[in-house]
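Participant: Next comes input_34.cif, mmCIF, C-alpha atoms:
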data_input
loop_
_atom_site.label_atom_id
_atom_site.label_comp_id
_atom_site.auth_asym_id
_atom_site.auth_seq_id
_atom_site.Cartn_x
_atom_site.Cartn_y
_atom_site.Cartn_z
CA MET X 1267 83.54 80.29 -29.22
CA THR X 1268 80.51 78.87 -27.41
CA ALA X 1269 77.03 80.38 -27.47
CA LYS X 1270 77.49 81.39 -23.85
CA GLU X 1271 80.72 83.22 -24.67
CA ASN X 1272 79.41 85.09 -27.68
CA GLY X 1273 76.16 85.92 -25.90
CA SER X 1274 73.85 84.55 -28.59
CA GLY X 1275 71.79 82.30 -26.33
CA ARG X 1276 69.27 84.17 -24.18
CA VAL X 1277 65.89 83.91 -22.45
CA VAL X 1278 63.14 86.46 -23.07
CA LEU X 1279 60.19 86.61 -20.67
CA ALA X 1280 57.28 87.86 -22.78
CA GLY X 1281 54.31 89.49 -21.07
CA ALA X 1282 51.01 88.39 -22.65
CA PRO X 1283 47.65 90.19 -22.50
CA LEU X 1284 45.44 89.29 -19.54
CA GLY X 1285 42.43 89.10 -21.81
CA ASN X 1286 42.23 92.07 -24.15
CA VAL X 1287 44.48 91.33 -27.11
CA GLY X 1288 44.74 95.09 -27.73
CA ASP X 1289 47.10 95.26 -24.76
CA ALA X 1290 49.77 93.26 -26.60
CA SER X 1291 52.97 95.20 -27.15
CA ALA X 1292 54.98 95.55 -30.34
CA ARG X 1293 57.82 93.84 -28.49
CA LEU X 1294 55.63 90.80 -27.81
CA ARG X 1295 54.85 90.50 -31.51
CA GLU X 1296 58.53 90.81 -32.38
CA VAL X 1297 59.60 88.20 -29.83
CA LEU X 1298 56.98 85.66 -30.88
CA ALA X 1299 57.90 86.09 -34.54
CA SER X 1300 61.67 85.88 -34.10
CA ALA X 1301 62.38 83.51 -31.19
CA ASP X 1302 64.07 80.23 -32.02
CA VAL X 1303 62.06 78.45 -29.32
CA VAL X 1304 58.78 79.54 -27.72
CA ALA X 1305 58.04 77.84 -24.40
CA ALA X 1306 54.31 78.29 -23.84
CA GLU X 1307 52.19 77.48 -20.80
CA ASP X 1308 49.44 76.36 -23.18
CA THR X 1309 50.39 75.83 -26.81
CA ARG X 1310 46.77 76.12 -27.96
CA ARG X 1311 46.40 79.51 -26.33
CA LEU X 1312 49.68 80.57 -27.89
CA ALA X 1313 48.35 79.59 -31.33
CA ARG X 1314 45.18 81.61 -30.73
CA LEU X 1315 47.16 84.62 -29.47
CA ALA X 1316 49.49 84.52 -32.49
CA ARG X 1317 46.49 84.32 -34.81
CA ASP X 1318 44.79 87.27 -33.09
CA LEU X 1319 48.02 89.28 -33.35
CA GLY X 1320 48.61 88.36 -36.97
CA VAL X 1321 51.99 86.87 -36.05
CA THR X 1322 53.58 83.76 -37.53
CA VAL X 1323 55.59 81.83 -34.97
CA THR X 1324 58.50 80.41 -36.93
CA GLY X 1325 60.44 78.95 -34.00
CA ARG X 1326 59.93 75.58 -32.32
CA VAL X 1327 56.96 75.64 -29.92
CA VAL X 1328 57.14 73.55 -26.73
CA SER X 1329 54.81 73.28 -23.79
CA TYR X 1330 56.18 74.64 -20.52
CA PHE X 1331 53.88 74.47 -17.52
CA GLU X 1332 53.99 73.64 -13.84
CA GLY X 1333 53.70 69.91 -14.46
CA ASN X 1334 56.61 69.56 -16.87
CA ASP X 1335 58.91 72.54 -16.21
CA GLU X 1336 61.38 70.53 -14.12
CA ARG X 1337 61.84 68.01 -16.93
CA ARG X 1338 61.80 70.53 -19.77
CA THR X 1339 64.16 73.14 -18.29
CA PRO X 1340 67.37 71.18 -19.10
CA GLU X 1341 66.18 70.86 -22.72
CA LEU X 1342 65.74 74.62 -22.93
CA VAL X 1343 69.18 75.24 -21.42
CA GLU X 1344 70.60 72.95 -24.12
CA ALA X 1345 68.89 75.16 -26.71
CA LEU X 1346 70.55 78.18 -25.12
CA GLU X 1347 73.91 76.44 -25.41
CA ARG X 1348 73.27 76.08 -29.14
CA GLY X 1349 72.75 79.85 -29.36
CA ALA X 1350 68.94 79.91 -29.35
CA THR X 1351 66.71 82.73 -28.19
CA VAL X 1352 64.12 81.09 -25.93
CA ALA X 1353 60.91 83.05 -25.35
CA VAL X 1354 58.65 82.17 -22.42
CA VAL X 1355 54.97 83.09 -22.60
CA THR X 1356 52.12 82.23 -20.23
CA ASP X 1357 48.35 82.31 -20.63
CA GLY X 1358 48.38 85.92 -19.46
CA GLY X 1359 50.62 88.33 -17.60
CA MET X 1360 54.33 88.08 -16.86
CA PRO X 1361 56.04 84.68 -16.75
CA SER X 1362 57.46 83.53 -13.40
CA VAL X 1363 54.90 85.53 -11.33
CA SER X 1364 52.84 82.59 -10.00
CA ASP X 1365 53.31 81.15 -13.50
CA PRO X 1366 55.99 79.05 -15.22
CA GLY X 1367 59.31 80.76 -15.85
CA TYR X 1368 61.22 81.02 -12.58
CA ARG X 1369 62.87 77.62 -12.91
CA LEU X 1370 64.23 78.46 -16.38
CA VAL X 1371 65.34 81.94 -15.28
CA ARG X 1372 67.34 80.44 -12.43
CA ALA X 1373 68.84 77.70 -14.60
CA ALA X 1374 69.79 80.14 -17.37
CA LEU X 1375 71.45 82.56 -14.95
CA ASP X 1376 73.32 79.74 -13.24
CA ALA X 1377 74.59 78.61 -16.65
CA GLY X 1378 75.73 82.13 -17.52
CA PHE X 1379 73.08 83.06 -20.08
CA PRO X 1380 71.38 86.47 -20.13
CA VAL X 1381 67.70 86.85 -19.26
CA THR X 1382 65.65 89.82 -20.41
CA ALA X 1383 61.97 90.71 -20.75
CA ALA X 1384 59.44 92.10 -23.16
CA PRO X 1385 57.34 93.59 -20.33
CA GLY X 1386 53.60 93.30 -20.47
CA PRO X 1387 50.40 93.34 -18.41
CA SER X 1388 50.34 92.11 -14.83
CA ALA X 1389 47.20 91.06 -12.98
CA VAL X 1390 48.92 91.96 -9.69
CA THR X 1391 49.53 95.64 -10.40
CA THR X 1392 46.36 96.04 -12.48
CA ALA X 1393 44.15 94.78 -9.65
CA LEU X 1394 46.08 96.84 -7.09
CA ALA X 1395 45.57 100.02 -9.10
CA LEU X 1396 41.85 99.34 -9.59
CA SER X 1397 41.13 98.26 -6.02
CA GLY X 1398 40.97 101.75 -4.53
CA LEU X 1399 43.20 100.54 -1.68
CA PRO X 1400 46.60 102.00 -0.72
CA SER X 1401 49.16 101.07 -3.38
CA ASP X 1402 52.31 102.78 -2.11
CA ARG X 1403 53.38 99.61 -0.29
CA PHE X 1404 52.04 96.14 -1.01
CA VAL X 1405 52.93 92.46 -0.77
CA PHE X 1406 52.03 89.77 -3.30
CA GLU X 1407 51.15 86.41 -1.72
CA GLY X 1408 50.22 84.41 -4.82
CA PHE X 1409 47.77 81.56 -4.24
CA LEU X 1410 46.70 80.71 -0.70
CA PRO X 1411 46.99 77.08 0.46
CA ARG X 1412 44.20 74.94 -0.95
CA THR X 1413 43.06 73.19 2.22
CA GLY X 1414 41.06 75.09 4.81
CA SER X 1415 43.29 74.36 7.80
CA HIS X 1416 46.51 75.37 6.02
CA ARG X 1417 44.82 78.45 4.57
CA ARG X 1418 43.57 79.59 7.96
CA SER X 1419 47.01 79.05 9.46
CA ARG X 1420 48.63 81.14 6.72
CA LEU X 1421 46.08 83.93 7.13
CA ARG X 1422 46.70 84.11 10.86
CA GLU X 1423 50.37 84.74 10.04
CA LEU X 1424 49.35 87.59 7.70
CA ALA X 1425 46.69 89.19 9.90
CA ALA X 1426 49.03 91.88 11.24
CA GLU X 1427 50.67 92.68 7.87
CA PRO X 1428 50.36 96.50 7.45
CA ARG X 1429 50.86 96.55 3.68
CA THR X 1430 48.09 95.98 1.15
CA LEU X 1431 47.95 92.30 0.24
CA VAL X 1432 47.37 90.83 -3.22
CA PHE X 1433 46.32 87.21 -3.78
CA PHE X 1434 45.38 85.00 -6.70
CA GLU X 1435 42.47 82.64 -6.07
CA ALA X 1436 40.51 80.01 -7.98
CA PRO X 1437 36.77 80.66 -8.50
CA HIS X 1438 35.68 77.52 -6.65
CA ARG X 1439 37.75 78.52 -3.59
CA ILE X 1440 37.05 82.25 -3.41
CA ALA X 1441 33.99 81.98 -1.11
CA GLY X 1442 35.90 79.90 1.44
CA ALA X 1443 38.96 82.15 1.18
CA LEU X 1444 36.92 85.30 1.79
CA ALA X 1445 35.16 83.71 4.77
CA ASP X 1446 38.51 82.71 6.28
CA LEU X 1447 39.93 86.18 5.57
CA ALA X 1448 36.99 87.80 7.36
CA SER X 1449 37.59 85.52 10.34
CA ALA X 1450 41.36 86.08 10.47
CA PHE X 1451 41.52 89.77 9.50
CA GLY X 1452 38.20 91.04 10.84
CA GLU X 1453 34.90 91.37 9.00
CA ASP X 1454 35.30 95.12 8.46
CA ARG X 1455 38.65 94.95 6.64
CA ALA X 1456 38.32 96.57 3.19
CA ALA X 1457 38.98 94.47 0.10
CA ALA X 1458 38.33 94.20 -3.63
CA VAL X 1459 37.63 91.16 -5.80
CA CYS X 1460 38.94 91.79 -9.33
CA ARG X 1461 37.48 89.31 -11.79
CA GLU X 1462 38.24 88.78 -15.49
CA LEU X 1463 40.55 91.81 -15.73
CA THR X 1464 40.53 93.56 -19.14
CA LYS X 1465 38.02 91.05 -20.51
CA THR X 1466 34.45 91.65 -21.71
CA TYR X 1467 32.90 90.82 -18.34
CA GLU X 1468 35.47 92.53 -16.13
CA GLU X 1469 34.13 93.11 -12.63
CA ILE X 1470 35.66 94.96 -9.69
CA ARG X 1471 33.64 94.39 -6.52
CA ARG X 1472 34.71 96.44 -3.51
CA GLY X 1473 33.51 96.17 0.08
CA THR X 1474 34.34 94.71 3.45
CA LEU X 1475 35.52 91.14 3.72
CA ALA X 1476 32.19 90.18 5.29
CA GLU X 1477 30.24 91.75 2.43
CA LEU X 1478 32.39 90.11 -0.19
CA ALA X 1479 32.20 86.72 1.56
CA ARG X 1480 28.39 86.90 1.49
CA TRP X 1481 28.42 87.90 -2.18
CA ALA X 1482 30.70 85.01 -3.13
CA ALA X 1483 28.65 82.51 -1.11
CA GLU X 1484 25.46 83.47 -2.95
CA GLY X 1485 26.83 82.31 -6.30
CA GLU X 1486 30.26 81.04 -7.31
CA PRO X 1487 32.03 83.80 -9.27
CA ARG X 1488 33.59 82.64 -12.51
CA GLY X 1489 36.80 83.49 -14.30
CA GLU X 1490 40.26 84.46 -13.15
CA ILE X 1491 40.29 86.29 -9.81
CA THR X 1492 42.78 88.61 -8.16
CA LEU X 1493 41.97 89.59 -4.59
CA VAL X 1494 43.26 92.78 -2.97
CA VAL X 1495 42.95 93.26 0.81
CA ALA X 1496 43.77 96.32 2.89
CA GLY X 1497 46.67 96.05 5.30
CA ALA X 1498 46.16 95.75 9.03
CA PRO X 1499 45.49 98.90 11.03
CA ALA X 1500 47.91 99.76 13.80
CA GLY X 1501 47.60 97.55 16.86
CA PRO X 1502 47.10 93.82 17.46
CA PRO X 1503 44.96 91.77 15.05
CA PRO X 1504 41.27 91.38 15.93
CA ARG X 1505 40.48 88.80 18.59
CA PRO X 1506 38.94 85.66 17.09
CA SER X 1507 36.03 83.91 18.74
CA ASP X 1508 36.70 81.41 21.52
CA GLU X 1509 35.93 78.55 19.14
CA GLU X 1510 38.36 79.89 16.54
CA LEU X 1511 41.10 80.15 19.16
CA ARG X 1512 40.51 76.55 20.23
CA ALA X 1513 40.61 75.45 16.60
CA ALA X 1514 43.87 77.36 16.04
CA VAL X 1515 45.49 75.54 18.97
CA ALA X 1516 44.17 72.20 17.68
CA GLU X 1517 45.61 72.88 14.21
CA ARG X 1518 49.06 73.59 15.61
CA GLU X 1519 48.90 70.44 17.73
CA ALA X 1520 47.89 68.42 14.68
CA ALA X 1521 50.94 69.84 12.90
CA GLY X 1522 53.19 68.43 15.62
CA ALA X 1523 53.47 71.18 18.23
CA SER X 1524 53.05 70.36 21.91
CA ARG X 1525 49.94 71.78 23.51
CA ARG X 1526 52.03 74.19 25.55
CA ASP X 1527 53.82 75.50 22.46
CA ALA X 1528 50.56 75.65 20.47
CA ILE X 1529 48.88 77.74 23.17
CA GLN X 1530 51.86 80.10 23.37
CA ALA X 1531 52.00 80.49 19.57
CA VAL X 1532 48.29 81.28 19.28
CA ALA X 1533 48.51 83.76 22.14
CA ASP X 1534 51.44 85.47 20.39
CA ASP X 1535 49.61 85.51 17.05
CA PHE X 1536 46.71 87.49 18.46
CA GLY X 1537 48.39 89.51 21.19
CA LEU X 1538 46.62 87.62 23.98
CA LYS X 1539 47.83 86.47 27.35
CA LYS X 1540 48.88 82.84 27.42
CA ARG X 1541 46.65 82.08 30.41
CA GLU X 1542 43.60 83.37 28.49
CA VAL X 1543 44.14 80.86 25.68
CA TYR X 1544 45.07 78.15 28.20
CA SER X 1545 41.78 78.65 30.05
CA LEU X 1546 39.80 78.47 26.81
CA VAL X 1547 41.44 75.22 25.74
CA HIS X 1548 41.34 73.44 29.10
CA GLY X 1549 37.98 74.84 30.08
CA SER X 1550 36.37 73.18 27.04
CA GLN X 1551 37.49 69.70 28.03
#
As structure tokens, what does this structure read like?
Facilitator:
Amino acid sequence: MTAKENGSGRVVLAGAPLGNVGDASARLREVLASADVVAAEDTRRLARLARDLGVTVTGRVVSYFEGNDERRTPELVEALERGATVAVVTDGGMPSVSDPGYRLVRAALDAGFPVTAAPGPSAVTTALALSGLPSDRFVFEGFLPRTGSHRRSRLRELAAEPRTLVFFEAPHRIAGALADLASAFGEDRAAAVCRELTKTYEEIRRGTLAELARWAAEGEPRGEITLVVAGAPAGPPPRPSDEELRAAVAEREAAGASRRDAIQAVADDFGLKKREVYSLVHGSQ
């Protein structure tokens, strides 16, 4: 009987503390101590976590991060075929939520192996709960595009989203992201920057997008950041400035759209008449 048939091989997604080791569950300790293989986003952080928890990891430890997960996943599936319990742990939070794990989950399920979880902290729901913004309906967008033009394009697509939005963002990009959010969503849209959740220097800064953009521009915030933004009020998204509309058309043209299609798309995005955008674009030439 193969490991797949007798059900001995399995994947366990293990939720790790965001920062405060006191949030670690008894299940996490059990999984780290008993797993045959522990696939860790950062093996050094895993060693520190195990030390802080007083746990001895007896299984084989392998690195499993965004840069090597495609290559390493087949190796882990082979371990499953030999009957191994493979635990996946990231630097903090639940694996596969903007972190390594999804590729192995999909491969294990496709191969017929069970996948379970030792649930743990999540920066997404923690920030949402602390933000003071509506939490009955929300959408998680992960990381925004890194380049300004792609980020602005993505935010224009999200400007009319009525649900609360949750993003991850890097410290060195947060000022630019907040400025682009204020431009795309409107300066008065409520938001919260949640920094270093559960850690010693945890900070939750609430305000309008304009206020938060000014705060971030004054000094680059440090640490891991989760950004929560209120959903759009009823009605069309706020009208951008004339210059922003021209830039939006130019971005779509640069991406390969004809000028006619770019003008129509931008008009649709912001609930404007096509001739209004047409006049702005052709009047500036």
Participant: Find the distance between CA of Thr1474 (chain X) and CA of Val1543 (chain X) and write it in Å to one decimal.
Facilitator: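 Atom-to-atom, CA of Thr1474 (chain X) and CA of Val1543 (chain X) are spaced 28.0 Å apart.
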Participant: In terms of the shortest atom-to-atom distance over all atoms listed in the file, which of X:Ala1383, X:Val1321, X:Val1328, X:Ile1440 is closest to Pro1487 (chain X)?
Facilitator: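 For Pro1487 (chain X), the nearest of the candidates is X:Ile1440.
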Participant: Care to translate the PyMOL selection byres ((chain X and resi 1317-1320) around 12) into actual residues of this file, as a count of residues only?
Facilitator: 26
Participant: Would you kindly return, as a ChimeraX atom specification, each protein, DNA or RNA residue with an atom no farther than 9 Å from any atom of Glu1462 (chain X), considering only C-alpha atoms and excluding same-chain residues fewer than 5 positions away?
Facilitator: /X:1284-1285,1467-1470,1488-1492
Participant: Mind writing the picked residues with C-alpha atoms as a PDB file, in the coordinates of the input?
Facilitator:
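Output file out_36.pdb follows:
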ATOM      1  CA  LEU X1284      45.440  89.290 -19.540  1.00  0.00           C
ATOM      2  CA  GLY X1285      42.430  89.100 -21.810  1.00  0.00           C
ATOM      3  CA  TYR X1467      32.900  90.820 -18.340  1.00  0.00           C
ATOM      4  CA  GLU X1468      35.470  92.530 -16.130  1.00  0.00           C
ATOM      5  CA  GLU X1469      34.130  93.110 -12.630  1.00  0.00           C
ATOM      6  CA  ILE X1470      35.660  94.960  -9.690  1.00  0.00           C
ATOM      7  CA  ARG X1488      33.590  82.640 -12.510  1.00  0.00           C
ATOM      8  CA  GLY X1489      36.800  83.490 -14.300  1.00  0.00           C
ATOM      9  CA  GLU X1490      40.260  84.460 -13.150  1.00  0.00           C
ATOM     10  CA  ILE X1491      40.290  86.290  -9.810  1.00  0.00           C
ATOM     11  CA  THR X1492      42.780  88.610  -8.160  1.00  0.00           C
TER      12      THR X1492
END
Participant: Which polymer residues, whether protein, DNA or RNA, lie within 12 Å of the coordinate (31.7, 89.2, 5.2) when you count all atoms listed in the file? List them as a PyMOL selection string, using the chain letters and numbers from the file.
Facilitator: chain X and resi 1441-1457+1472-1484
Participant: Rounded to one decimal, what separation in Å do you get between CA of Ala1306 (chain X) and CA of Leu1394 (chain X)?
Facilitator: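 About the pair CA of Ala1306 (chain X) and CA of Leu1394 (chain X): they are 26.3 Å apart.
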Participant: Since I can't run it myself right now, could you work out what the PyMOL selection byres ((chain X and resi 1387) around 6) selects here and report it as a compact mmCIF listing (two decimals) with C-alpha atoms, in the frame of the given file?
Facilitator:
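See expr_16.txt below for the written result:
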# COMPACT_ATOMS: atom_id res chain seq x y z
CA PRO X 1283 47.65 90.19 -22.50
CA GLY X 1359 50.62 88.33 -17.60
CA GLY X 1386 53.60 93.30 -20.47
CA SER X 1388 50.34 92.11 -14.83
Participant: Pick the closest to Ala1280 (chain X) from X:Ser1364, X:Ser1401, X:Thr1356, X:Ser1524: which is it, counting all atoms listed in the file?
Facilitator: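 Smallest separation from Ala1280 (chain X) among the options: X:Thr1356.
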Participant: Please indicate the distance in Å from CA of Val1304 (chain X) to CA of Val1327 (chain X), rounded to one decimal place.
Facilitator: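 Distance between the two atoms: 4.8 Å.
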Participant: Quick one: residues within 8 Å of Asp1365 (chain X), all atoms listed in the file counted, chain neighbours fewer than 4 positions away excluded, as a list in words?
Facilitator: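 Everything that qualifies: Phe1331, Glu1332, Thr1356, Met1360 and Pro1361 of chain X.
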Participant: Quick one: residues within 12 Å of Pro1411 (chain X), only C-alpha atoms, excluding same-chain residues fewer than 6 positions away - as an mmCIF file with C-alpha atoms, keeping the file's coordinate frame?
Facilitator:
data_model
loop_
_atom_site.group_PDB
_atom_site.id
_atom_site.type_symbol
_atom_site.label_atom_id
_atom_site.label_comp_id
_atom_site.auth_asym_id
_atom_site.auth_seq_id
_atom_site.Cartn_x
_atom_site.Cartn_y
_atom_site.Cartn_z
ATOM 1 C CA ARG X 1417 44.820 78.450 4.570
ATOM 2 C CA ARG X 1418 43.570 79.590 7.960
ATOM 3 C CA SER X 1419 47.010 79.050 9.460
ATOM 4 C CA ARG X 1420 48.630 81.140 6.720
ATOM 5 C CA LEU X 1421 46.080 83.930 7.130
ATOM 6 C CA PHE X 1433 46.320 87.210 -3.780
ATOM 7 C CA PHE X 1434 45.380 85.000 -6.700
ATOM 8 C CA GLU X 1435 42.470 82.640 -6.070
ATOM 9 C CA ALA X 1436 40.510 80.010 -7.980
ATOM 10 C CA ARG X 1439 37.750 78.520 -3.590
ATOM 11 C CA ILE X 1440 37.050 82.250 -3.410
ATOM 12 C CA GLY X 1442 35.900 79.900 1.440
ATOM 13 C CA ALA X 1443 38.960 82.150 1.180
ATOM 14 C CA ASP X 1446 38.510 82.710 6.280
#
Participant: Selection in question (the file shown): the PyMOL selection byres ((chain X and resi 1500-1516) around 7). Which residues does it include, as a list of chain:residue names?
Facilitator: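 Output from the PyMOL selection byres ((chain X and resi 1500-1516) around 7), applied to this file: X:Ala1425, X:Ala1426, X:Ser1449, X:Phe1451, X:Gly1452, X:Ala1498, X:Pro1499, X:Glu1517, X:Arg1518, X:Glu1519, X:Ala1520, X:Ala1528, X:Ile1529, X:Val1532, X:Phe1536, X:Gly1537, X:Leu1546, X:Val1547.
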Participant: Deliver the residues from the most recent selection as a file, using C-alpha atoms, as a short mmCIF file (atom, residue, chain, number, x, y, z; two decimals), in the coordinates of the input.
Facilitator:
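Result written to out00.cif:
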data_model
loop_
_atom_site.label_atom_id
_atom_site.label_comp_id
_atom_site.auth_asym_id
_atom_site.auth_seq_id
_atom_site.Cartn_x
_atom_site.Cartn_y
_atom_site.Cartn_z
CA ALA X 1425 46.69 89.19 9.90
CA ALA X 1426 49.03 91.88 11.24
CA SER X 1449 37.59 85.52 10.34
CA PHE X 1451 41.52 89.77 9.50
CA GLY X 1452 38.20 91.04 10.84
CA ALA X 1498 46.16 95.75 9.03
CA PRO X 1499 45.49 98.90 11.03
CA GLU X 1517 45.61 72.88 14.21
CA ARG X 1518 49.06 73.59 15.61
CA GLU X 1519 48.90 70.44 17.73
CA ALA X 1520 47.89 68.42 14.68
CA ALA X 1528 50.56 75.65 20.47
CA ILE X 1529 48.88 77.74 23.17
CA VAL X 1532 48.29 81.28 19.28
CA PHE X 1536 46.71 87.49 18.46
CA GLY X 1537 48.39 89.51 21.19
CA LEU X 1546 39.80 78.47 26.81
CA VAL X 1547 41.44 75.22 25.74
#
Participant: Let me make sure I understand: among X:Gly1378, X:Gly1325, X:Pro1340, X:Gly1349, which one has the smallest atom-to-atom distance to Gly1275 (chain X) if we use only C-alpha atoms?
Facilitator: X:Gly1349
Participant: Dump as a ChimeraX atom specification all residues having an atom at most 9 Å from (64.6, 89.3, -22.8), computed in the file's coordinates with all atoms listed in the file.
Facilitator: /X:1276-1280,1297,1351-1353,1380-1385
Participant: Pick out the closest residue to Arg1422 (chain X) from this set: X:Ser1300, X:Asp1535, X:Lys1540, X:Leu1396. Count all atoms listed in the file.
Facilitator: X:Asp1535
